[in-house]
Amino acid sequence: MINLAILISGRGSNMKSILSSITSGEIKNVNPRVVISNNRDAAGLSIASKEYDIPTSLILPNGKKGWDYDKHLDSVLNLHGVLPSDGLICLAGYMKIISSEFVNKYKFRIMNIHPALLPSFKGLHAQKQALDYGVKITGCTVHFVDEGVDSGPIILQEPVKIYSKDTENEISKRILELEHKLYPKAIKLFAENKLKIVGRKVIVTNDE
C-alpha cells in the first residue's frame, strides 16, 4: 500500500480528481493520508476534509525558505506515514519551489502536473506562454520532480490543439479537463509498479 500526500496551494481541482479516482476504485493500493497547503485560503483543504474525510495540514512559510521550510513539511509527512521508502507525494497546484534536499530525500516519489508539453513553456503562466509563442499544439505533462523547475523525467503527456480565436482562459479550461484524467492515470501506473526510470526516460511497462 502506497501512502499518499497531496500538496496544494489553491482550489484543489487536481487533488479532487485524484481522490475521486481512489474513492471510485479506479486507483487501487493507494491510501491518501494527508493534504497539505502553504496557503491558509486554499479551498482544497475544505474539500479534502469535508468531502473525502482526509486529514489536512496548513504549513505557512512564516519567512522560511528552502530546506528550512521543507524540514517542517517532511516532519508532517512522516507523522502521517508518508515516507521516502514507500510514499508518494503529488503536487497539485502547489505554488512553492521544493528544496533540493527534499527532492533528493524523496527521489522519484514526487510527481507534478504542468499545463504544457514539457520541456516547452516551463514555469508560471504556461498557457499564456504557448499562446503568445504561437504554437498550434500545447497540452499537459505529468513528471517526476527533480531539482530544476518543471525539468524532471516525463511520465505522461497529452496534447491540446490551439485554435486561432482561443483565449488563455479557453486553453486553460481544455488543458485542465485533460489534467484531471492524466494525473490519476499516472498515479495508477505508479501504484501498479508499471513505471521504470532509465536515465531521463520513464518507461511504462505492460502499457495497454
# chains A, B, ... in the order shown; residues from 1 in each chain; ligands from 1
>>> residues_around(residues="range 95-101 of chain A", least_positions_apart="5", cutoff="10 Å", atoms="only C-alpha atoms", output="PyMOL selection string")
chain A and resi 7-10+37-39+61+65-71+106-107+124+145-149
>>> write_last_selection(atoms="N, CA and C atoms", output="tab-separated table (two decimals), in the first residue's frame")
chain	number	residue	atom	x	y	z
A	7	LEU	N	-0.03	17.94	-2.12
A	7	LEU	CA	0.34	19.30	-1.74
A	7	LEU	C	-0.38	20.28	-2.65
A	8	ILE	N	-1.09	21.25	-2.06
A	8	ILE	CA	-1.87	22.20	-2.82
A	8	ILE	C	-1.59	23.63	-2.34
A	9	SER	N	-2.03	24.58	-3.17
A	9	SER	CA	-1.98	25.99	-2.75
A	9	SER	C	-3.29	26.71	-3.03
A	10	GLY	N	-4.21	26.05	-3.75
A	10	GLY	CA	-5.43	26.75	-4.15
A	10	GLY	C	-6.68	25.89	-4.13
A	37	SER	N	-1.18	22.25	2.63
A	37	SER	CA	-1.15	23.50	1.89
A	37	SER	C	-0.23	24.51	2.56
A	38	ASN	N	0.35	25.38	1.75
A	38	ASN	CA	1.15	26.50	2.26
A	38	ASN	C	0.33	27.79	2.26
A	39	ASN	N	-0.98	27.67	1.96
A	39	ASN	CA	-1.86	28.82	1.85
A	39	ASN	C	-3.12	28.59	2.68
A	61	PRO	N	4.64	29.53	5.41
A	61	PRO	CA	6.09	29.77	5.28
A	61	PRO	C	6.69	30.54	6.46
A	65	LYS	N	12.33	29.49	3.96
A	65	LYS	CA	12.51	29.09	2.57
A	65	LYS	C	13.34	27.82	2.48
A	66	GLY	N	13.30	27.20	1.31
A	66	GLY	CA	14.15	26.04	1.05
A	66	GLY	C	13.98	24.93	2.08
A	67	TRP	N	15.11	24.35	2.46
A	67	TRP	CA	15.08	23.22	3.38
A	67	TRP	C	14.58	23.62	4.77
A	68	ASP	N	14.75	24.88	5.15
A	68	ASP	CA	14.24	25.34	6.44
A	68	ASP	C	12.73	25.16	6.52
A	69	TYR	N	12.05	25.41	5.41
A	69	TYR	CA	10.60	25.18	5.35
A	69	TYR	C	10.30	23.70	5.17
A	70	ASP	N	11.04	23.07	4.25
A	70	ASP	CA	10.74	21.68	3.89
A	70	ASP	C	11.02	20.69	5.02
A	71	LYS	N	11.86	21.06	5.98
A	71	LYS	CA	12.05	20.20	7.15
A	71	LYS	C	10.75	20.05	7.93
A	106	TYR	N	13.21	12.35	-1.30
A	106	TYR	CA	12.05	11.64	-1.86
A	106	TYR	C	12.21	11.42	-3.36
A	107	LYS	N	13.41	11.08	-3.78
A	107	LYS	CA	13.72	10.96	-5.20
A	107	LYS	C	12.80	9.97	-5.91
A	124	LEU	N	5.65	29.55	-14.61
A	124	LEU	CA	4.31	30.12	-14.46
A	124	LEU	C	3.72	30.54	-15.80
A	145	VAL	N	9.50	15.02	-10.10
A	145	VAL	CA	10.14	16.28	-9.74
A	145	VAL	C	11.63	16.05	-9.48
A	146	ASP	N	12.44	16.90	-10.10
A	146	ASP	CA	13.87	16.89	-9.79
A	146	ASP	C	14.25	18.26	-9.23
A	147	GLU	N	15.52	18.60	-9.23
A	147	GLU	CA	15.98	19.84	-8.59
A	147	GLU	C	15.71	21.08	-9.43
A	148	GLY	N	15.33	20.90	-10.69
A	148	GLY	CA	15.03	22.05	-11.53
A	148	GLY	C	13.55	22.40	-11.51
A	149	VAL	N	13.18	23.40	-12.31
A	149	VAL	CA	11.77	23.81	-12.41
A	149	VAL	C	11.15	23.12	-13.62
>>> residues_around(residues="Leu88 in chain A", least_positions_apart="4", cutoff="8 Å", atoms="only C-alpha atoms", output="PDB file with N, CA and C atoms, in the first residue's frame")
ATOM      1  N   ILE A   2       0.557   2.170  -0.902  1.00  0.00           N
ATOM      2  CA  ILE A   2       1.305   3.418  -1.011  1.00  0.00           C
ATOM      3  C   ILE A   2       0.578   4.507  -0.230  1.00  0.00           C
ATOM      4  N   ASN A   3       1.282   5.134   0.682  1.00  0.00           N
ATOM      5  CA  ASN A   3       0.715   6.249   1.441  1.00  0.00           C
ATOM      6  C   ASN A   3       0.929   7.540   0.664  1.00  0.00           C
ATOM      7  N   LEU A   4      -0.170   8.231   0.397  1.00  0.00           N
ATOM      8  CA  LEU A   4      -0.156   9.390  -0.498  1.00  0.00           C
ATOM      9  C   LEU A   4      -0.337  10.698   0.269  1.00  0.00           C
ATOM     10  N   ALA A   5       0.466  11.687  -0.100  1.00  0.00           N
ATOM     11  CA  ALA A   5       0.269  13.064   0.346  1.00  0.00           C
ATOM     12  C   ALA A   5       0.057  13.933  -0.886  1.00  0.00           C
ATOM     13  N   VAL A  82       3.812   9.059   5.472  1.00  0.00           N
ATOM     14  CA  VAL A  82       4.287   9.214   4.090  1.00  0.00           C
ATOM     15  C   VAL A  82       5.808   9.288   4.145  1.00  0.00           C
ATOM     16  N   LEU A  83       6.460   8.184   3.818  1.00  0.00           N
ATOM     17  CA  LEU A  83       7.903   8.038   3.995  1.00  0.00           C
ATOM     18  C   LEU A  83       8.619   7.912   2.650  1.00  0.00           C
ATOM     19  N   PRO A  84       9.895   8.250   2.607  1.00  0.00           N
ATOM     20  CA  PRO A  84      10.649   8.117   1.354  1.00  0.00           C
ATOM     21  C   PRO A  84      10.703   6.688   0.825  1.00  0.00           C
ATOM     22  N   ARG A 109       9.737   9.973  -6.012  1.00  0.00           N
ATOM     23  CA  ARG A 109       8.488   9.752  -5.271  1.00  0.00           C
ATOM     24  C   ARG A 109       7.698  11.056  -5.130  1.00  0.00           C
ATOM     25  N   ILE A 110       8.046  12.026  -5.981  1.00  0.00           N
ATOM     26  CA  ILE A 110       7.301  13.280  -6.052  1.00  0.00           C
ATOM     27  C   ILE A 110       6.868  13.480  -7.497  1.00  0.00           C
ATOM     28  N   MET A 111       5.563  13.644  -7.699  1.00  0.00           N
ATOM     29  CA  MET A 111       5.019  13.909  -9.030  1.00  0.00           C
ATOM     30  C   MET A 111       4.460  15.327  -9.092  1.00  0.00           C
TER      31      MET A 111
END
>>> select_by_dssp(residues="range 141-206 of chain A", states="strand (DSSP E or B)", output="short mmCIF file (atom, residue, chain, number, x, y, z; two decimals) with N, CA and C atoms, in the first residue's frame")
data_model
loop_
_atom_site.label_atom_id
_atom_site.label_comp_id
_atom_site.auth_asym_id
_atom_site.auth_seq_id
_atom_site.Cartn_x
_atom_site.Cartn_y
_atom_site.Cartn_z
N THR A 141 1.53 17.76 -18.91
CA THR A 141 2.58 16.78 -18.64
C THR A 141 2.57 16.39 -17.17
N VAL A 142 2.63 15.09 -16.90
CA VAL A 142 2.90 14.61 -15.55
C VAL A 142 4.35 14.16 -15.53
N HIS A 143 5.10 14.63 -14.54
CA HIS A 143 6.52 14.30 -14.49
C HIS A 143 6.97 14.10 -13.05
N PHE A 144 8.06 13.38 -12.89
CA PHE A 144 8.71 13.31 -11.59
C PHE A 144 9.44 14.63 -11.34
N ILE A 154 9.73 12.81 -17.66
CA ILE A 154 8.33 12.87 -18.08
C ILE A 154 7.67 11.50 -17.99
N ILE A 155 6.51 11.46 -17.34
CA ILE A 155 5.77 10.21 -17.18
C ILE A 155 4.72 10.06 -18.28
N LEU A 156 3.83 11.05 -18.38
CA LEU A 156 2.77 11.02 -19.39
C LEU A 156 2.55 12.43 -19.93
N GLN A 157 2.11 12.49 -21.20
CA GLN A 157 1.74 13.77 -21.80
C GLN A 157 0.48 13.60 -22.64
N GLU A 158 -0.26 14.70 -22.78
CA GLU A 158 -1.46 14.68 -23.60
C GLU A 158 -1.57 16.02 -24.31
N PRO A 159 -1.82 16.01 -25.65
CA PRO A 159 -1.85 17.26 -26.40
C PRO A 159 -3.22 17.95 -26.39
N VAL A 160 -3.18 19.26 -26.57
CA VAL A 160 -4.38 20.08 -26.73
C VAL A 160 -4.15 21.01 -27.91
N LYS A 161 -5.08 21.02 -28.85
CA LYS A 161 -4.94 21.88 -30.02
C LYS A 161 -5.29 23.32 -29.67
N LEU A 195 6.02 1.84 -13.80
CA LEU A 195 6.91 2.92 -14.26
C LEU A 195 8.35 2.55 -13.95
N LYS A 196 9.16 2.50 -14.99
CA LYS A 196 10.57 2.18 -14.84
C LYS A 196 11.40 3.36 -15.34
N ILE A 197 12.31 3.85 -14.52
CA ILE A 197 13.11 5.02 -14.87
C ILE A 197 14.47 4.58 -15.38
N VAL A 198 14.77 4.98 -16.60
CA VAL A 198 16.05 4.65 -17.23
C VAL A 198 16.67 5.97 -17.68
N LYS A 201 14.51 8.85 -19.05
CA LYS A 201 13.27 8.31 -19.61
C LYS A 201 12.47 7.53 -18.57
N VAL A 202 11.16 7.70 -18.63
CA VAL A 202 10.25 6.88 -17.82
C VAL A 202 9.56 5.91 -18.76
N ILE A 203 9.85 4.63 -18.57
CA ILE A 203 9.28 3.59 -19.42
C ILE A 203 8.02 3.04 -18.74
N VAL A 204 6.90 3.04 -19.49
CA VAL A 204 5.66 2.45 -18.98
C VAL A 204 5.65 1.00 -19.41
#
>>> atom_distance(atom1="CA of Phe190 in chain A", atom2="CA of His80 in chain A")
20.0 Å
>>> closest_residue(among="A:Gly81, A:Gly152, A:Gly87, A:Gly134", to="Ile113 in chain A", atoms="only C-alpha atoms")
A:Gly152
>>> select_by_dssp(residues="range 16-120 of chain A", states="alpha helix (DSSP H)", output="PyMOL selection string")
chain A and resi 16-24+43-52+66-79+100-105
>>> write_last_selection(atoms="C-alpha atoms", output="PDB file, in the first residue's frame")
ATOM      1  CA  LYS A  16     -10.180  16.251  -6.144  1.00  0.00           C
ATOM      2  CA  SER A  17      -9.767  14.236  -9.343  1.00  0.00           C
ATOM      3  CA  ILE A  18      -7.094  12.111  -7.648  1.00  0.00           C
ATOM      4  CA  LEU A  19      -9.162  11.493  -4.522  1.00  0.00           C
ATOM      5  CA  SER A  20     -12.245  10.735  -6.607  1.00  0.00           C
ATOM      6  CA  SER A  21     -10.307   8.142  -8.618  1.00  0.00           C
ATOM      7  CA  ILE A  22      -9.128   6.486  -5.418  1.00  0.00           C
ATOM      8  CA  THR A  23     -12.612   6.536  -3.874  1.00  0.00           C
ATOM      9  CA  SER A  24     -14.170   5.004  -7.008  1.00  0.00           C
ATOM     10  CA  ALA A  43     -10.214  25.928  -0.963  1.00  0.00           C
ATOM     11  CA  GLY A  44      -8.881  22.410  -1.460  1.00  0.00           C
ATOM     12  CA  LEU A  45      -8.307  21.989   2.274  1.00  0.00           C
ATOM     13  CA  SER A  46     -12.037  22.142   2.966  1.00  0.00           C
ATOM     14  CA  ILE A  47     -12.812  19.811   0.061  1.00  0.00           C
ATOM     15  CA  ALA A  48     -10.319  17.218   1.316  1.00  0.00           C
ATOM     16  CA  SER A  49     -11.623  17.228   4.885  1.00  0.00           C
ATOM     17  CA  LYS A  50     -15.357  17.631   4.289  1.00  0.00           C
ATOM     18  CA  GLU A  51     -15.894  15.663   1.088  1.00  0.00           C
ATOM     19  CA  TYR A  52     -13.240  12.958   1.455  1.00  0.00           C
ATOM     20  CA  GLY A  66      14.150  26.043   1.053  1.00  0.00           C
ATOM     21  CA  TRP A  67      15.081  23.220   3.379  1.00  0.00           C
ATOM     22  CA  ASP A  68      14.243  25.337   6.438  1.00  0.00           C
ATOM     23  CA  TYR A  69      10.603  25.178   5.350  1.00  0.00           C
ATOM     24  CA  ASP A  70      10.738  21.678   3.888  1.00  0.00           C
ATOM     25  CA  LYS A  71      12.048  20.197   7.153  1.00  0.00           C
ATOM     26  CA  HIS A  72       8.683  21.067   8.691  1.00  0.00           C
ATOM     27  CA  LEU A  73       6.912  19.625   5.665  1.00  0.00           C
ATOM     28  CA  ASP A  74       8.976  16.454   5.991  1.00  0.00           C
ATOM     29  CA  SER A  75       8.042  16.056   9.658  1.00  0.00           C
ATOM     30  CA  VAL A  76       4.321  16.365   8.856  1.00  0.00           C
ATOM     31  CA  LEU A  77       4.630  13.781   6.098  1.00  0.00           C
ATOM     32  CA  ASN A  78       6.380  11.374   8.443  1.00  0.00           C
ATOM     33  CA  LEU A  79       3.733  11.961  11.087  1.00  0.00           C
ATOM     34  CA  SER A 100      16.998  20.075  -3.463  1.00  0.00           C
ATOM     35  CA  GLU A 101      17.390  18.395  -0.058  1.00  0.00           C
ATOM     36  CA  PHE A 102      13.709  17.448  -0.045  1.00  0.00           C
ATOM     37  CA  VAL A 103      13.762  16.305  -3.682  1.00  0.00           C
ATOM     38  CA  ASN A 104      16.779  14.075  -3.066  1.00  0.00           C
ATOM     39  CA  LYS A 105      15.221  12.580   0.054  1.00  0.00           C
TER      40      LYS A 105
END
>>> atom_distance(atom1="CA of Ser151 in chain A", atom2="CA of Arg200 in chain A")
9.9 Å
